[in-house]
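Following: one structure in structure tokens, then a few remarks.
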Amino acid sequence: MAVETKYVVVRKGEEKMTFANKKDADAWDKMLDMADAFTDWLQQHQPDLGEAQAEALGLLLAEQKDAVQHILRTSKLPDIVKAEEVAQTPEAAAETESEAEAVAPEKKVRAVKAA
């Protein structure tokens, strides 16, 4: 008999997701916290927005937080988002994903003054 440890994310008494490791469960829980914060913020600033729409938008913003942060910093779409919008067929989307995985992230080089 095998013993398995499972981590379950529970929100408002409802099981949302089950994970095999704590790190993934904590990341999911943090993303849901962010989605709740976005939802509350949207409802405060757009009272006409329905609750379901606010929750959907809050979840989208939380799931895409890296893209949102990039847009806020640069006022431009991230390159990956642009590539996904251009790809219209499933084959093209698969090629774009494999290309994105193959490209290593660039390292920023900083100039340092010698003392």
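Letters A, B, ... go to the chains of the structure tokens in the order shown; residues in each chain start at 1; ligands are counted from 1 in the same order.
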
I want to know what sits within 8 Å of region 63-71 of chain A, based on only C-alpha atoms, with residues of the same chain fewer than 5 positions away left out; could you give that as a tab-separated table (two decimals) with C-alpha atoms, in the first residue's frame?
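What follows is the written file selection-v3.tsv:
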chain	number	residue	atom	x	y	z
A	31	MET	CA	-2.86	33.51	-7.47
A	35	ALA	CA	-7.65	37.33	-8.21
A	76	LYS	CA	3.73	47.68	-24.59
A	77	LEU	CA	2.55	44.12	-25.05
A	78	PRO	CA	5.06	41.43	-24.13
A	81	VAL	CA	1.53	37.83	-26.13

Give me, as a tab-separated table (two decimals) with all heavy atoms, in the first residue's frame, all polymer residues having an atom no more than 12 Å from Ala25 (chain A), counting only C-alpha atoms and skipping those fewer than 2 positions away in the same chain.
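As written to disk, result_1.tsv reads:
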chain	number	residue	atom	x	y	z
A	6	LYS	N	-1.21	14.78	-0.55
A	6	LYS	CA	-1.83	15.69	-1.50
A	6	LYS	C	-2.12	17.01	-0.80
A	6	LYS	O	-2.51	17.03	0.36
A	6	LYS	CB	-3.12	15.10	-2.06
A	6	LYS	CG	-2.89	13.88	-2.91
A	6	LYS	CD	-4.15	13.40	-3.54
A	6	LYS	CE	-3.85	12.17	-4.38
A	6	LYS	NZ	-5.02	11.72	-5.11
A	7	TYR	N	-1.93	18.08	-1.53
A	7	TYR	CA	-2.20	19.42	-1.01
A	7	TYR	C	-3.42	19.96	-1.73
A	7	TYR	O	-3.46	20.02	-2.95
A	7	TYR	CB	-0.99	20.33	-1.24
A	7	TYR	CG	0.24	19.84	-0.50
A	7	TYR	CD1	1.11	18.93	-1.08
A	7	TYR	CD2	0.48	20.26	0.80
A	7	TYR	CE1	2.22	18.47	-0.38
A	7	TYR	CE2	1.58	19.82	1.50
A	7	TYR	CZ	2.45	18.92	0.90
A	7	TYR	OH	3.54	18.47	1.59
A	8	VAL	N	-4.42	20.32	-0.95
A	8	VAL	CA	-5.70	20.77	-1.50
A	8	VAL	C	-5.88	22.25	-1.17
A	8	VAL	O	-5.76	22.65	-0.02
A	8	VAL	CB	-6.87	19.95	-0.92
A	8	VAL	CG1	-8.20	20.43	-1.52
A	8	VAL	CG2	-6.67	18.47	-1.17
A	9	VAL	N	-6.16	23.04	-2.21
A	9	VAL	CA	-6.46	24.46	-2.02
A	9	VAL	C	-7.97	24.58	-1.82
A	9	VAL	O	-8.75	24.17	-2.69
A	9	VAL	CB	-6.00	25.30	-3.23
A	9	VAL	CG1	-6.39	26.76	-3.05
A	9	VAL	CG2	-4.50	25.17	-3.42
A	10	VAL	N	-8.36	25.11	-0.66
A	10	VAL	CA	-9.77	25.25	-0.31
A	10	VAL	C	-10.09	26.73	-0.17
A	10	VAL	O	-9.39	27.47	0.52
A	10	VAL	CB	-10.10	24.52	1.02
A	10	VAL	CG1	-11.55	24.71	1.40
A	10	VAL	CG2	-9.74	23.04	0.91
A	15	GLU	N	-13.32	22.95	-2.41
A	15	GLU	CA	-12.02	22.51	-2.92
A	15	GLU	C	-11.83	23.06	-4.33
A	15	GLU	O	-12.64	22.82	-5.21
A	15	GLU	CB	-11.93	20.98	-2.94
A	15	GLU	CG	-11.83	20.37	-1.58
A	15	GLU	CD	-11.59	18.87	-1.62
A	15	GLU	OE1	-11.24	18.33	-2.69
A	15	GLU	OE2	-11.76	18.24	-0.57
A	16	LYS	N	-10.76	23.81	-4.52
A	16	LYS	CA	-10.50	24.43	-5.82
A	16	LYS	C	-9.57	23.60	-6.67
A	16	LYS	O	-9.78	23.45	-7.87
A	16	LYS	CB	-9.89	25.83	-5.64
A	16	LYS	CG	-10.85	26.83	-5.03
A	16	LYS	CD	-11.98	27.12	-5.96
A	16	LYS	CE	-12.88	28.20	-5.40
A	16	LYS	NZ	-13.96	28.54	-6.28
A	17	MET	N	-8.49	23.06	-6.06
A	17	MET	CA	-7.51	22.32	-6.83
A	17	MET	C	-6.69	21.44	-5.88
A	17	MET	O	-6.48	21.79	-4.73
A	17	MET	CB	-6.61	23.30	-7.57
A	17	MET	CG	-5.68	22.69	-8.58
A	17	MET	SD	-6.50	22.21	-10.09
A	17	MET	CE	-6.46	23.73	-10.98
A	18	THR	N	-6.21	20.32	-6.40
A	18	THR	CA	-5.36	19.42	-5.63
A	18	THR	C	-4.00	19.34	-6.30
A	18	THR	O	-3.91	19.25	-7.52
A	18	THR	CB	-6.00	18.01	-5.56
A	18	THR	OG1	-7.30	18.12	-5.00
A	18	THR	CG2	-5.16	17.06	-4.73
A	19	PHE	N	-2.94	19.38	-5.48
A	19	PHE	CA	-1.58	19.37	-6.00
A	19	PHE	C	-0.76	18.27	-5.32
A	19	PHE	O	-1.07	17.85	-4.20
A	19	PHE	CB	-0.90	20.72	-5.74
A	19	PHE	CG	-1.56	21.84	-6.49
A	19	PHE	CD1	-2.58	22.57	-5.90
A	19	PHE	CD2	-1.16	22.16	-7.77
A	19	PHE	CE1	-3.19	23.60	-6.59
A	19	PHE	CE2	-1.78	23.19	-8.46
A	19	PHE	CZ	-2.79	23.92	-7.87
A	20	ALA	N	0.30	17.86	-5.99
A	20	ALA	CA	1.19	16.84	-5.45
A	20	ALA	C	2.27	17.44	-4.56
A	20	ALA	O	2.87	16.73	-3.76
A	20	ALA	CB	1.83	16.05	-6.58
A	21	ASN	N	2.53	18.75	-4.70
A	21	ASN	CA	3.55	19.36	-3.85
A	21	ASN	C	3.07	20.70	-3.30
A	21	ASN	O	2.19	21.35	-3.86
A	21	ASN	CB	4.90	19.51	-4.59
A	21	ASN	CG	4.82	20.43	-5.77
A	21	ASN	OD1	4.33	21.53	-5.67
A	21	ASN	ND2	5.33	19.96	-6.91
A	22	LYS	N	3.66	21.07	-2.18
A	22	LYS	CA	3.25	22.27	-1.45
A	22	LYS	C	3.53	23.55	-2.23
A	22	LYS	O	2.75	24.50	-2.21
A	22	LYS	CB	3.95	22.31	-0.10
A	22	LYS	CG	3.48	23.43	0.80
A	22	LYS	CD	4.09	23.31	2.16
A	22	LYS	CE	3.70	24.33	3.17
A	22	LYS	NZ	2.92	25.45	2.82
A	23	LYS	N	4.65	23.58	-2.95
A	23	LYS	CA	5.03	24.78	-3.70
A	23	LYS	C	3.96	25.16	-4.73
A	23	LYS	O	3.56	26.32	-4.83
A	23	LYS	CB	6.37	24.55	-4.40
A	23	LYS	CG	6.86	25.72	-5.18
A	23	LYS	CD	8.18	25.41	-5.88
A	23	LYS	CE	8.61	26.57	-6.75
A	23	LYS	NZ	9.81	26.28	-7.51
A	27	ALA	N	1.48	28.44	-4.68
A	27	ALA	CA	1.44	29.36	-5.82
A	27	ALA	C	0.00	29.55	-6.30
A	27	ALA	O	-0.40	30.68	-6.63
A	27	ALA	CB	2.32	28.83	-6.95
A	28	TRP	N	-0.76	28.47	-6.37
A	28	TRP	CA	-2.16	28.57	-6.80
A	28	TRP	C	-2.98	29.39	-5.82
A	28	TRP	O	-3.79	30.23	-6.21
A	28	TRP	CB	-2.75	27.17	-6.96
A	28	TRP	CG	-4.14	27.19	-7.54
A	28	TRP	CD1	-5.31	27.07	-6.88
A	28	TRP	CD2	-4.48	27.35	-8.93
A	28	TRP	NE1	-6.37	27.14	-7.74
A	28	TRP	CE2	-5.89	27.31	-9.01
A	28	TRP	CE3	-3.75	27.51	-10.08
A	28	TRP	CZ2	-6.57	27.43	-10.21
A	28	TRP	CZ3	-4.44	27.63	-11.28
A	28	TRP	CH2	-5.82	27.59	-11.33
A	29	ASP	N	-2.74	29.16	-4.52
A	29	ASP	CA	-3.46	29.91	-3.48
A	29	ASP	C	-3.12	31.40	-3.57
A	29	ASP	O	-4.01	32.25	-3.45
A	29	ASP	CB	-3.10	29.35	-2.11
A	29	ASP	CG	-3.95	29.94	-1.00
A	29	ASP	OD1	-5.20	29.97	-1.16
A	29	ASP	OD2	-3.38	30.37	0.01
A	30	LYS	N	-1.87	31.71	-3.80
A	30	LYS	CA	-1.45	33.11	-3.94
A	30	LYS	C	-2.12	33.75	-5.16
A	30	LYS	O	-2.56	34.90	-5.11
A	30	LYS	CB	0.07	33.18	-4.07
A	30	LYS	CG	0.60	34.58	-4.12
A	30	LYS	CD	2.12	34.58	-4.18
A	30	LYS	CE	2.65	36.00	-4.27
A	30	LYS	NZ	4.11	36.03	-4.34
A	31	MET	N	-2.21	33.00	-6.26
A	31	MET	CA	-2.86	33.51	-7.47
A	31	MET	C	-4.34	33.78	-7.19
A	31	MET	O	-4.89	34.79	-7.63
A	31	MET	CB	-2.68	32.52	-8.62
A	31	MET	CG	-3.06	33.07	-9.98
A	31	MET	SD	-4.78	32.82	-10.49
A	31	MET	CE	-5.00	31.09	-10.30
A	32	LEU	N	-5.00	32.90	-6.43
A	32	LEU	CA	-6.41	33.11	-6.08
A	32	LEU	C	-6.58	34.32	-5.17
A	32	LEU	O	-7.56	35.06	-5.29
A	32	LEU	CB	-7.00	31.86	-5.43
A	32	LEU	CG	-7.17	30.65	-6.35
A	32	LEU	CD1	-7.70	29.45	-5.55
A	32	LEU	CD2	-8.09	30.95	-7.52

Between A:Gly13, A:Val3, A:Met34, A:Asp24, which one has atoms that come closest to Gly58 (chain A), using only C-alpha atoms?
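Nearest to Gly58 (chain A): A:Met34.
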
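The environment of Asp40 (chain A) within 12 Å, counting only C-alpha atoms and disregarding residues fewer than 5 places along the same chain, consists of Asp33, Met34, Ala35, His45, Gln46, Pro47, Leu49, Gly50, Glu51, Ala52, Gln53, Ala54, Glu55, Ala56, Leu57, Gly58 and Leu59 of chain A.
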